[in-house]
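> Sharing a structure with you now.
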Amino acid sequence: MIELFGFTTNSPASFVIEPLSHEFMRRALVVSALVGSVCGLLSCYMTLKGWALMGDAVSHSVMPGVVVAYALGLPFSLGAFVFGVGSVTLIGFIKQKSRVKEDTVIGLVFTGFFALGLVLVSKIKSNIDLMHILFGSPLGISSNDLRQTLIISVVVLIALTLFRKDLVLYCFDPTHARSIGINTGFLHYLLLSALSLTAVAGLQTVGIILVVAMLVTPGATAYLLTDRFDRMIILAVISSVISSLLGVYISFWSDIETGGAIVLVQTILFLMAFLFAPKYGILKNKSFIS
């Protein structure tokens, strides 16, 4: 018996191999890698666009959709997607029709939707586990949920890949994108739809509360490591997938919340980039220290 990363195992290899003997762990690793790759890719656009608050709004606004879908006997993903898109549509409507600033509108809408979800959970008789919605449960994911996550991940990845160049220009300079004839309105709602779908997928791994971290942290980490967007995408996806897989392993061996473990690993990777990034790390750039 040896001590590895604080966990007692027979050998270093058993830390990786032994959990694979359980079907629930294999499912958890697959779904976590899928969600991690999608979140890593989307987080790059979120970082460039400055949409951290928008990701928070969507992730919290899907909660009533989950409850309503259960009450109507519909797939959770459908209800969550409808409410996610509905929340960002409402944000845009209020912003256009009032003098309230966008960040304030976002805060108002997502807290209102989240509160509605809490009320519905308390009033609608169901076996919905509130903790499962809030914090996710990849170790208990079903085959049906795995298929839904696979479909969502493929759809989002295809959409972001097909419109990659237009989306990059839209995120960097929407005015220039509009001036050369790009339909920025379409790209805006495409990005919001992808955000809503990814938040739905993230429900299975880290839950509503922590999914925003998966939509922000990988992109922020990669942003400190490179100035090229293509490399940023690769680094964000790699860091997100590694964090997801390592978080699942840590939760298995230490019996802690999987979502929390995944986000903690992501946060550690960000702090390492923040400190040691070759160009922008504060320990590598004396101007940040002085």
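How things are named: the first chain in the structure tokens is A, the next is B, and so on; residues count from 1 in each chain; ligands count from 1 in the order shown.
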Give me the residues of stretch 111-217 of chain A that have any atom at most 7 Å from an atom of stretch 57-78 of chain A; for each, the nearest atom pair and the distance in Å, rounded to one decimal. Use only C-alpha atoms, sort by chain and number, and format it as CSV.

residue,atom,partner,partner_atom,distance
A:Phe113,CA,A:Ser61,CA,4.9
A:Phe114,CA,A:His60,CA,5.5
A:Leu116,CA,A:Pro64,CA,6.1
A:Gly117,CA,A:Pro64,CA,3.9
A:Leu120,CA,A:Val67,CA,6.6
A:Val121,CA,A:Val67,CA,6.4
A:Ser196,CA,A:Val58,CA,6.1
A:Ala199,CA,A:Ser59,CA,5.3
A:Val200,CA,A:Ser77,CA,5.9
A:Ile208,CA,A:Ser59,CA,5.4
A:Ile209,CA,A:His60,CA,6.8
A:Val211,CA,A:Ser59,CA,6.5
A:Val212,CA,A:Ser59,CA,6.5
> For A:Gly107, find every residue with an atom within 10 Å (counting only C-alpha atoms), except residues of its own chain fewer than 6 positions away, and show them as a ChimeraX atom specification.
/A:53-54,56-57,91
> Do a neighbour search on A:Val237 at 8 Å with only C-alpha atoms, toss out local chain neighbours closer than 3 positions, and write the hits as a PyMOL selection string.
chain A and resi 36-41+218+233-234+240-241
> Could you save those same residues with C-alpha atoms as an mmCIF file, in the first residue's frame?

data_model
loop_
_atom_site.group_PDB
_atom_site.id
_atom_site.type_symbol
_atom_site.label_atom_id
_atom_site.label_comp_id
_atom_site.auth_asym_id
_atom_site.auth_seq_id
_atom_site.Cartn_x
_atom_site.Cartn_y
_atom_site.Cartn_z
ATOM 1 C CA GLY A 36 -15.248 19.235 -20.486
ATOM 2 C CA SER A 37 -14.332 19.432 -24.179
ATOM 3 C CA VAL A 38 -17.477 21.394 -25.078
ATOM 4 C CA CYS A 39 -17.116 23.755 -22.113
ATOM 5 C CA GLY A 40 -13.439 24.282 -22.911
ATOM 6 C CA LEU A 41 -14.216 25.244 -26.493
ATOM 7 C CA PRO A 218 -10.649 26.932 -19.065
ATOM 8 C CA ILE A 233 -8.878 26.626 -27.973
ATOM 9 C CA ILE A 234 -6.513 23.646 -27.793
ATOM 10 C CA SER A 240 -10.929 21.300 -19.189
ATOM 11 C CA VAL A 241 -10.817 17.611 -20.100
#
> In Å, rounded to a single decimal, give me how far atom CA of A:Val216 is from atom CA of A:Leu283.
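The value is 22.9 Å.
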> Closest to A:Leu215 among A:Gln148, A:Ser43, A:Ser193, A:Ser21, using only C-alpha atoms?
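When distances to A:Leu215 are compared using only C-alpha atoms, the smallest one comes from A:Ser43.
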> Using only C-alpha atoms, which of A:Ala13, A:Ala52, A:Met46, A:Ala28 sits nearest A:Gly247?
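The shortest atom-to-atom distance to A:Gly247 comes from A:Ala28.
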